[in-house]
$ cat structure_23.cif   # mmCIF, C-alpha atoms and all ligand atoms
data_query
#
loop_
_atom_site.label_atom_id
_atom_site.label_comp_id
_atom_site.auth_asym_id
_atom_site.auth_seq_id
_atom_site.Cartn_x
_atom_site.Cartn_y
_atom_site.Cartn_z
CA MET A 27 144.24 331.39 133.50
CA THR A 28 144.53 335.10 133.54
CA ASN A 29 145.98 336.54 130.39
CA LYS A 30 146.64 335.92 126.70
CA LYS A 31 145.27 332.36 126.52
CA VAL A 32 141.81 333.54 127.64
CA GLU A 33 141.45 335.55 124.45
CA ASN A 34 142.13 332.52 122.31
CA LYS A 35 138.89 331.01 120.96
CA TYR A 36 140.58 327.64 121.48
CA ALA A 37 141.41 328.28 125.15
CA ASP A 38 139.31 325.23 126.14
CA TYR A 39 141.82 323.01 124.41
CA ALA A 40 144.32 323.66 127.22
CA LEU A 41 142.36 321.17 129.34
CA LYS A 42 141.74 318.72 126.55
CA LEU A 43 145.47 318.56 125.76
CA LYS A 44 146.55 318.11 129.38
CA ILE A 45 147.25 314.64 130.71
CA ASP A 46 144.59 313.11 132.95
CA CYS A 47 146.19 309.85 134.08
CA LYS A 48 143.28 309.02 136.42
CA ASN A 49 140.98 308.58 133.41
CA CYS A 50 143.54 306.63 131.41
CA SER A 51 144.52 302.97 131.49
CA GLY A 52 148.25 303.64 131.77
CA LEU A 53 148.60 303.55 128.00
CA CYS A 54 152.06 305.13 127.81
CA CYS A 55 153.42 302.60 130.33
CA VAL A 56 152.19 299.67 128.21
CA SER A 57 152.05 300.60 124.57
CA LEU A 58 155.42 302.33 124.13
CA TYR A 59 158.80 300.82 123.45
CA CYS A 60 161.10 302.01 126.27
CA THR A 61 164.82 301.86 126.93
CA LYS A 62 166.96 302.36 130.01
CA THR A 63 169.17 304.81 128.10
CA ASP A 64 166.14 307.05 127.54
CA GLY A 65 165.51 307.15 131.29
CA PHE A 66 162.97 304.37 131.76
CA PRO A 67 163.35 301.64 134.41
CA ALA A 68 164.11 298.88 131.91
CA ASN A 69 164.20 298.05 128.23
CA LYS A 70 160.76 296.87 127.20
CA GLU A 71 158.90 296.07 124.01
CA ALA A 72 155.83 297.99 122.90
CA GLY A 73 152.66 296.34 124.23
CA ILE A 74 154.27 294.91 127.37
CA PRO A 75 153.26 296.62 130.63
CA CYS A 76 156.06 298.19 132.68
CA ALA A 77 156.79 296.08 135.76
CA HIS A 78 155.86 299.09 137.95
CA LEU A 79 152.39 299.61 136.50
CA GLY A 80 149.86 299.01 139.27
CA SER A 81 146.57 297.11 139.05
CA ASP A 82 144.77 300.49 139.08
CA TYR A 83 146.70 301.54 135.94
CA GLY A 84 148.78 303.99 138.02
CA CYS A 85 152.54 304.01 138.50
CA SER A 86 153.35 302.20 141.76
CA ILE A 87 156.62 304.15 142.16
CA HIS A 88 155.37 307.55 141.00
CA SER A 89 156.67 309.38 144.09
CA LYS A 90 160.13 307.85 143.61
CA LEU A 91 160.65 308.58 139.91
CA GLY A 92 162.88 311.59 140.71
CA GLU A 93 164.96 309.76 143.30
CA LYS A 94 165.49 306.89 140.84
CA ASN A 95 166.36 309.35 138.08
CA TYR A 96 163.83 307.87 135.63
CA LYS A 97 163.97 310.92 133.40
CA GLY A 98 162.00 309.32 130.58
CA CYS A 99 159.03 308.66 132.87
CA ILE A 100 159.22 312.15 134.39
CA ALA A 101 159.36 313.91 131.04
CA TYR A 102 156.72 311.95 129.15
CA ASP A 103 153.52 313.79 128.27
CA CYS A 104 150.87 312.47 125.88
CA PHE A 105 149.03 315.77 125.15
CA GLY A 106 145.91 314.21 126.71
CA ALA A 107 145.89 311.36 124.18
CA GLY A 108 145.90 308.65 126.86
CA GLN A 109 142.61 309.51 128.50
CA ARG A 110 140.93 310.24 125.15
CA ALA A 111 142.03 306.94 123.58
CA THR A 112 141.03 305.06 126.73
CA GLN A 113 137.56 306.62 126.70
CA LEU A 114 137.12 306.17 122.91
CA CYS A 115 137.77 302.44 123.25
CA LEU A 116 136.19 301.83 126.67
CA ILE A 117 133.00 300.32 125.26
CA SER A 118 135.02 297.21 124.41
CA GLY A 119 137.14 297.37 127.57
CA THR A 120 140.77 298.23 128.27
CA TRP A 121 143.94 296.52 127.03
CA LYS A 122 143.83 294.48 130.26
CA THR A 123 140.16 293.56 130.50
CA ASN A 124 139.92 292.76 126.79
CA PRO A 125 143.36 291.67 125.53
CA LYS A 126 141.90 290.91 122.08
CA GLN A 127 141.33 294.65 121.68
CA ALA A 128 144.74 295.69 122.99
CA GLU A 129 146.30 296.28 119.56
CA THR A 130 143.35 298.45 118.48
CA ILE A 131 143.55 300.47 121.69
CA PHE A 132 147.31 301.01 121.32
CA GLN A 133 146.87 301.99 117.68
CA THR A 134 144.13 304.47 118.65
CA PHE A 135 146.46 305.95 121.28
CA MET A 136 149.25 306.42 118.71
CA ILE A 137 146.91 308.18 116.29
CA VAL A 138 145.31 310.39 118.94
CA PHE A 139 148.79 311.29 120.26
CA GLN A 140 149.78 312.61 116.83
CA LEU A 141 146.46 314.44 116.41
CA HIS A 142 146.74 316.07 119.83
CA GLN A 143 150.37 317.04 119.26
CA MET A 144 149.35 318.83 116.04
CA LEU A 145 146.36 320.39 117.80
CA TRP A 146 148.69 321.74 120.46
CA TYR A 147 150.73 323.61 117.89
CA LEU A 148 147.70 324.71 115.86
CA VAL A 149 146.02 326.28 118.89
CA GLU A 150 149.15 328.29 119.66
CA ALA A 151 149.62 329.17 115.99
CA PHE A 152 146.06 330.53 115.87
CA GLU A 153 146.92 332.85 118.73
CA LEU A 154 150.24 333.93 117.27
CA THR A 155 149.01 335.06 113.88
CA SER A 156 146.90 338.10 113.09
CA ASP A 157 146.57 337.09 109.44
CA ASN A 158 142.87 336.27 108.89
CA LYS A 159 143.58 333.96 105.97
CA LEU A 160 145.95 331.91 108.09
CA LYS A 161 143.46 331.91 110.95
CA THR A 162 140.82 330.47 108.62
CA THR A 163 143.23 327.77 107.46
CA ILE A 164 143.98 326.89 111.09
CA ASP A 165 140.24 326.75 111.88
CA GLU A 166 139.78 324.28 109.03
CA LEU A 167 142.73 322.17 110.16
CA ILE A 168 141.37 321.99 113.71
CA GLN A 169 137.98 320.92 112.39
CA GLU A 170 139.62 318.27 110.21
CA ASN A 171 141.60 317.05 113.22
CA GLU A 172 138.37 316.56 115.18
CA GLN A 173 136.72 314.78 112.26
CA ILE A 174 139.60 312.30 112.02
CA ALA A 175 139.41 311.64 115.78
CA GLU A 176 135.63 311.11 115.65
CA LEU A 177 136.11 308.14 113.31
CA LEU A 178 138.35 306.30 115.79
CA PRO A 179 138.79 303.51 116.71
CA GLU A 180 136.78 302.08 113.77
CA ASN A 181 138.98 303.83 111.22
CA ASP A 182 142.32 303.02 112.89
CA LEU A 183 143.73 301.02 110.01
CA LYS A 184 142.51 303.46 107.37
CA THR A 185 143.95 306.53 109.10
CA ASP A 186 146.98 307.96 107.31
CA LEU A 187 148.02 311.27 108.81
CA SER A 188 150.82 312.09 106.37
CA ALA A 189 148.78 314.42 104.12
CA TYR A 190 147.23 316.14 107.12
CA ARG A 191 150.63 316.52 108.81
CA LEU A 192 152.02 318.15 105.69
CA LYS A 193 149.28 320.79 105.78
CA VAL A 194 149.88 321.46 109.47
CA ASN A 195 153.64 321.75 108.95
CA THR A 196 153.14 324.21 106.10
CA VAL A 197 151.07 326.52 108.31
CA LEU A 198 153.53 326.25 111.21
CA LYS A 199 156.44 327.09 108.91
CA GLN A 200 154.58 330.12 107.55
CA ILE A 201 153.92 331.41 111.04
CA SER A 202 157.44 330.65 112.26
CA SER A 203 159.00 332.52 109.36
CA THR A 204 157.04 335.68 110.14
CA ILE A 205 157.97 335.55 113.83
CA SER A 206 161.53 334.26 113.84
CA THR A 207 163.53 337.13 112.44
CA ASN A 208 166.54 337.23 114.77
CA THR A 209 169.70 335.23 114.08
CA SER A 210 171.81 336.65 116.90
CA ALA A 211 172.56 333.17 118.23
CA GLY A 212 174.22 332.34 114.93
CA ARG A 213 172.25 330.05 112.63
CA HIS A 214 173.85 326.63 112.85
CA SER A 215 172.89 324.79 109.70
CA ASP A 216 173.11 321.49 111.58
CA ARG A 217 171.03 322.97 114.43
CA MET A 218 173.46 321.61 117.02
CA TYR A 219 173.74 323.56 120.25
CA LEU A 220 174.69 320.73 122.59
CA GLY A 221 175.84 322.13 125.93
CA LYS A 222 176.07 325.65 124.50
CA ASN A 223 176.31 328.43 127.06
CA PHE A 224 174.22 331.30 125.71
CA LYS A 225 175.62 333.62 128.39
CA LYS A 226 172.59 335.79 129.15
CA ALA A 227 172.17 336.54 125.43
CA ASN A 228 169.24 338.29 123.87
CA LEU A 229 167.69 335.44 121.90
CA ASP A 230 164.38 337.15 121.17
CA GLY A 231 162.92 335.95 117.88
CA ASN A 232 165.54 333.25 117.29
CA ASP A 233 164.39 330.13 115.51
CA PHE A 234 165.62 327.05 117.35
CA SER A 235 163.01 324.72 115.86
CA MET A 236 164.16 321.09 115.64
CA SER A 237 167.52 322.00 117.23
CA LEU A 238 169.55 319.75 119.50
CA MET A 239 170.04 321.82 122.64
CA ILE A 240 170.70 319.16 125.27
CA ALA A 241 172.30 320.70 128.41
CA ALA A 242 172.40 324.19 126.86
CA ASN A 243 172.49 327.04 129.35
CA PHE A 244 169.73 329.65 128.96
CA THR A 245 170.04 331.21 132.41
CA GLY A 246 169.40 334.93 132.20
CA CYS A 247 168.69 334.91 128.44
CA SER A 248 165.91 336.96 126.92
CA LEU A 249 163.62 334.53 125.10
CA LYS A 250 160.66 336.49 123.78
CA LYS A 251 159.13 334.85 120.69
CA THR A 252 162.04 332.40 120.64
CA ASN A 253 160.85 329.40 118.66
CA PHE A 254 161.46 326.02 120.34
CA LEU A 255 159.26 323.92 118.04
CA GLY A 256 160.52 320.33 118.33
CA ALA A 257 163.82 321.40 119.95
CA ASP A 258 165.47 318.88 122.23
CA ILE A 259 166.11 320.79 125.47
CA ARG A 260 166.71 317.82 127.76
CA ASP A 261 168.77 318.92 130.77
CA ALA A 262 168.90 322.49 129.46
CA ASN A 263 169.39 324.97 132.29
CA VAL A 264 166.39 327.30 132.48
CA LYS A 265 166.77 328.26 136.13
CA ASP A 266 165.74 331.87 136.85
CA THR A 267 164.78 332.16 133.18
CA ASP A 268 161.71 333.78 131.65
CA LEU A 269 160.19 331.44 129.06
CA SER A 270 156.73 332.95 129.38
CA GLU A 271 156.79 334.48 125.91
CA SER A 272 158.76 331.75 124.15
CA ILE A 273 156.77 329.94 121.48
CA PHE A 274 155.90 326.37 120.52
CA LEU A 275 157.11 324.84 123.79
CA THR A 276 155.48 321.66 125.03
CA GLN A 277 155.04 320.13 128.47
CA MET A 278 157.36 317.27 127.55
CA GLN A 279 160.15 319.73 126.71
CA ILE A 280 159.64 321.59 129.97
CA ASN A 281 159.53 318.35 132.00
CA SER A 282 162.90 317.38 130.54
CA ALA A 283 164.66 320.69 131.26
CA ILE A 284 166.15 321.89 134.56
CA GLY A 285 164.34 324.87 136.02
CA ASN A 286 163.53 326.25 139.44
CA LYS A 287 160.80 328.17 141.25
CA ASN A 288 161.89 331.37 139.51
CA THR A 289 161.55 329.98 135.99
CA ARG A 290 158.60 331.62 134.25
CA LEU A 291 156.51 329.52 131.89
CA PRO A 292 153.88 330.19 129.20
CA ASP A 293 150.33 329.99 130.60
CA ASN A 294 149.55 326.68 128.89
CA LEU A 295 152.37 324.83 130.67
CA SER A 296 152.64 323.52 134.23
CA ARG A 297 155.62 323.80 136.53
CA PRO A 298 157.25 320.38 137.08
CA ALA A 299 157.06 319.21 140.71
CA ALA A 300 160.87 319.08 140.99
CA TRP A 301 161.14 322.80 140.25
CA PHE A 302 159.37 323.97 143.41
S1 LIG A 401 149.12 307.97 128.39
FE1 LIG A 401 148.98 310.08 129.13
S2 LIG A 401 147.17 310.15 130.45
FE2 LIG A 401 147.75 307.98 130.16
S3 LIG A 401 149.07 307.50 131.93
FE3 LIG A 401 150.42 308.14 130.22
S4 LIG A 401 150.71 310.35 130.52
FE4 LIG A 401 148.94 309.73 131.77
S1 LIG A 402 158.07 303.46 136.09
FE1 LIG A 402 155.96 304.16 136.30
S2 LIG A 402 155.76 305.92 134.91
FE2 LIG A 402 157.64 304.79 134.34
S3 LIG A 402 156.96 303.40 132.70
FE3 LIG A 402 156.86 302.28 134.65
S4 LIG A 402 154.73 302.52 135.38
FE4 LIG A 402 155.12 304.08 133.79
#

$ encode --input "structure_23.cif" --output "structure tokens" --more "lines below"
Ligand code: SF4
Ligand code: SF4
Amino acid sequence: MTNKKVENKYADYALKLKIDCKNCSGLCCVSLYCTKTDGFPANKEAGIPCAHLGSDYGCSIHSKLGEKNYKGCIAYDCFGAGQRATQLCLISGTWKTNPKQAETIFQTFMIVFQLHQMLWYLVEAFELTSDNKLKTTIDELIQENEQIAELLPENDLKTDLSAYRLKVNTVLKQISSTISTNTSAGRHSDRMYLGKNFKKANLDGNDFSMSLMIAANFTGCSLKKTNFLGADIRDANVKDTDLSESIFLTQMQINSAIGNKNTRLPDNLSRPAAWF
């Protein structure tokens, strides 16, 4: 990395929050409930391995996911929770080598996923704010996040993240409100922008958090400090678009959008293979 992320004291988290499927036991392909309508190969219950999961815990049709249009598989990103949960539980085996532990392992994965997702936003929030009081609060929340994770898997059943999530959301809202000052896109109270063509608009500083923006067209828009926290941008057109200064984007959002080799991304995100 070459620019702004290097200055962040939490820059190391970029690696920790990146998927590392080789050190995972295919947890997403087993533990999650999947449906064909969400772009997975078949409907399947949580805890049942996908029929395409190989004996090495890898996807046996990985190179064909695009051709088969399995958008759910292509988009999924666990924020690095899969490898961490696998390693945390490895002393007692994997879900396959020790089926008695499978439920505990899946539960650990679900908790770590939520912790890592919140970490992802906290790390970016730390970078975005210059308010020292807020920075201290974020420091404390990151420490608390690590302390919760350290007690897994033993504390699985006792872990209730609702109070912690509330604190994280409060900080993210505070930061969003200081950054998102533009309403040029028109504030839709229902946050519905399905298929909207933004026509090369200047959307700098707009708050699109939690908006439904499936198949929206952002080509040629200016998107500096545009807040995409939790926005659904599946099939949104971001070809030839500069997202490098947009905020609160995740890898899963990017994987689900339609970009190309000219799309610019924030430093903490990777270009999907299909965009080259
Ligand atoms: S859970 Fe994460 S690390 Fe594991 S296989 Fe799925 S995406 Fe990869
Ligand atoms: S097709 Fe591959 S990536 Fe998709 S759920 Fe099955 S094993 Fe996982």

$ residues_around --input "structure_23.cif" --residues "segment 146-152 of chain A" --least-positions-apart "2" --cutoff "7 Å" --atoms "only C-alpha atoms" --output "list in words"
Tyr36, Leu43, His142, Gln143, Met144, Leu154, Thr155, Lys161, Ile164, Leu198, Ile201 and Phe274 of chain A

$ residues_around --input "structure_23.cif" --residues "Leu269 of chain A" --least-positions-apart "4" --cutoff "8 Å" --atoms "only C-alpha atoms" --output "count of residues only"
6

$ residues_near_point --input "structure_23.cif" --point "(171.8, 325.4, 121.2)" --cutoff "10 Å" --atoms "all atoms listed in the file" --output "list of chain:residue names"
A:Ala211, A:Gly212, A:Arg213, A:His214, A:Arg217, A:Met218, A:Tyr219, A:Leu220, A:Gly221, A:Lys222, A:Asn223, A:Phe224, A:Phe234, A:Ser237, A:Leu238, A:Met239, A:Ile240, A:Ala241, A:Ala242, A:Asn243, A:Phe244, A:Ala257, A:Asp258, A:Ile259, A:Ala262

$ residues_near_point --input "structure_23.cif" --point "(154.3, 321.2, 129.5)" --cutoff "10 Å" --atoms "only C-alpha atoms" --output "PyMOL selection string"
chain A and resi 43-45+101-103+105+275-282+291-298

$ residues_near_ligand --input "structure_23.cif" --ligand "ligand LIG 401 (chain A)" --cutoff "7 Å" --atoms "all atoms listed in the file" --output "PyMOL selection string"
chain A and resi 45-47+50-55+102-109

$ closest_residue --input "structure_23.cif" --among "A:Phe66, A:Tyr59, A:Phe132, A:Tyr190" --to "ligand LIG 402 (chain A)" --atoms "all atoms listed in the file"
A:Phe66

$ closest_residue --input "structure_23.cif" --among "A:Lys97, A:His88, A:Lys226, A:Lys199" --to "ligand LIG 402 (chain A)" --atoms "all atoms listed in the file"
A:His88

$ closest_atom_pairs --input "structure_23.cif" --of "chain A" --to "ligand LIG 402 (chain A)" --cutoff "10 Å" --atoms "all atoms listed in the file" --output "CSV"
residue,atom,partner,partner_atom,distance
A:Gly52,CA,A:LIG402,FE4,7.2
A:Leu53,CA,A:LIG402,FE4,8.7
A:Cys54,CA,A:LIG402,FE4,6.8
A:Cys55,CA,A:LIG402,FE4,4.1
A:Val56,CA,A:LIG402,S3,7.5
A:Ser57,CA,A:LIG402,S3,9.9
A:Leu58,CA,A:LIG402,S3,8.8
A:Tyr59,CA,A:LIG402,S3,9.8
A:Cys60,CA,A:LIG402,S3,7.8
A:Thr61,CA,A:LIG402,S3,9.9
A:Gly65,CA,A:LIG402,FE2,8.8
A:Phe66,CA,A:LIG402,FE2,5.9
A:Pro67,CA,A:LIG402,S1,5.8
A:Ala68,CA,A:LIG402,FE3,8.5
A:Lys70,CA,A:LIG402,S3,9.3
A:Pro75,CA,A:LIG402,S4,7.7
A:Cys76,CA,A:LIG402,FE3,4.6
A:Ala77,CA,A:LIG402,FE3,6.3
A:His78,CA,A:LIG402,S4,4.4
A:Leu79,CA,A:LIG402,S4,3.9
A:Gly80,CA,A:LIG402,S4,7.2
A:Tyr83,CA,A:LIG402,S4,8.1
A:Gly84,CA,A:LIG402,S4,6.7
A:Cys85,CA,A:LIG402,FE1,4.1
A:Ser86,CA,A:LIG402,FE1,6.4
A:Ile87,CA,A:LIG402,FE1,5.9
A:His88,CA,A:LIG402,FE1,5.8
A:Ser89,CA,A:LIG402,FE1,9.4
A:Lys90,CA,A:LIG402,S1,8.9
A:Leu91,CA,A:LIG402,S1,6.9
A:Lys94,CA,A:LIG402,S1,9.5
A:Tyr96,CA,A:LIG402,FE2,7.0
A:Lys97,CA,A:LIG402,FE2,8.9
A:Gly98,CA,A:LIG402,FE2,7.3
A:Cys99,CA,A:LIG402,FE2,4.4
A:Ile100,CA,A:LIG402,S2,7.1
A:Ala101,CA,A:LIG402,S2,9.6
A:Tyr102,CA,A:LIG402,S2,8.4

$ closest_residue --input "structure_23.cif" --among "A:Thr134, A:Asn253, A:Asn34, A:Ser235" --to "Leu178 of chain A" --atoms "only C-alpha atoms"
A:Thr134

$ atom_distance --input "structure_23.cif" --atom1 "atom CA of Lys265 of chain A" --atom2 "atom CA of Asn288 of chain A"
6.7 Å

$ atom_distance --input "structure_23.cif" --atom1 "atom CA of Ile137 of chain A" --atom2 "atom CA of Asp64 of chain A"
22.3 Å

$ atom_distance --input "structure_23.cif" --atom1 "atom CA of Asn171 of chain A" --atom2 "atom CA of Leu141 of chain A"
6.4 Å

$ closest_residue --input "structure_23.cif" --among "A:Ser81, A:Asn286, A:Ser206, A:Asn49" --to "Thr245 of chain A" --atoms "all atoms listed in the file"
A:Asn286

$ residues_around --input "structure_23.cif" --residues "Thr185 of chain A" --least-positions-apart "2" --cutoff "8 Å" --atoms "only C-alpha atoms" --output "list in words"
Ile137, Ile174, Asn181, Asp182, Leu183 and Leu187 of chain A
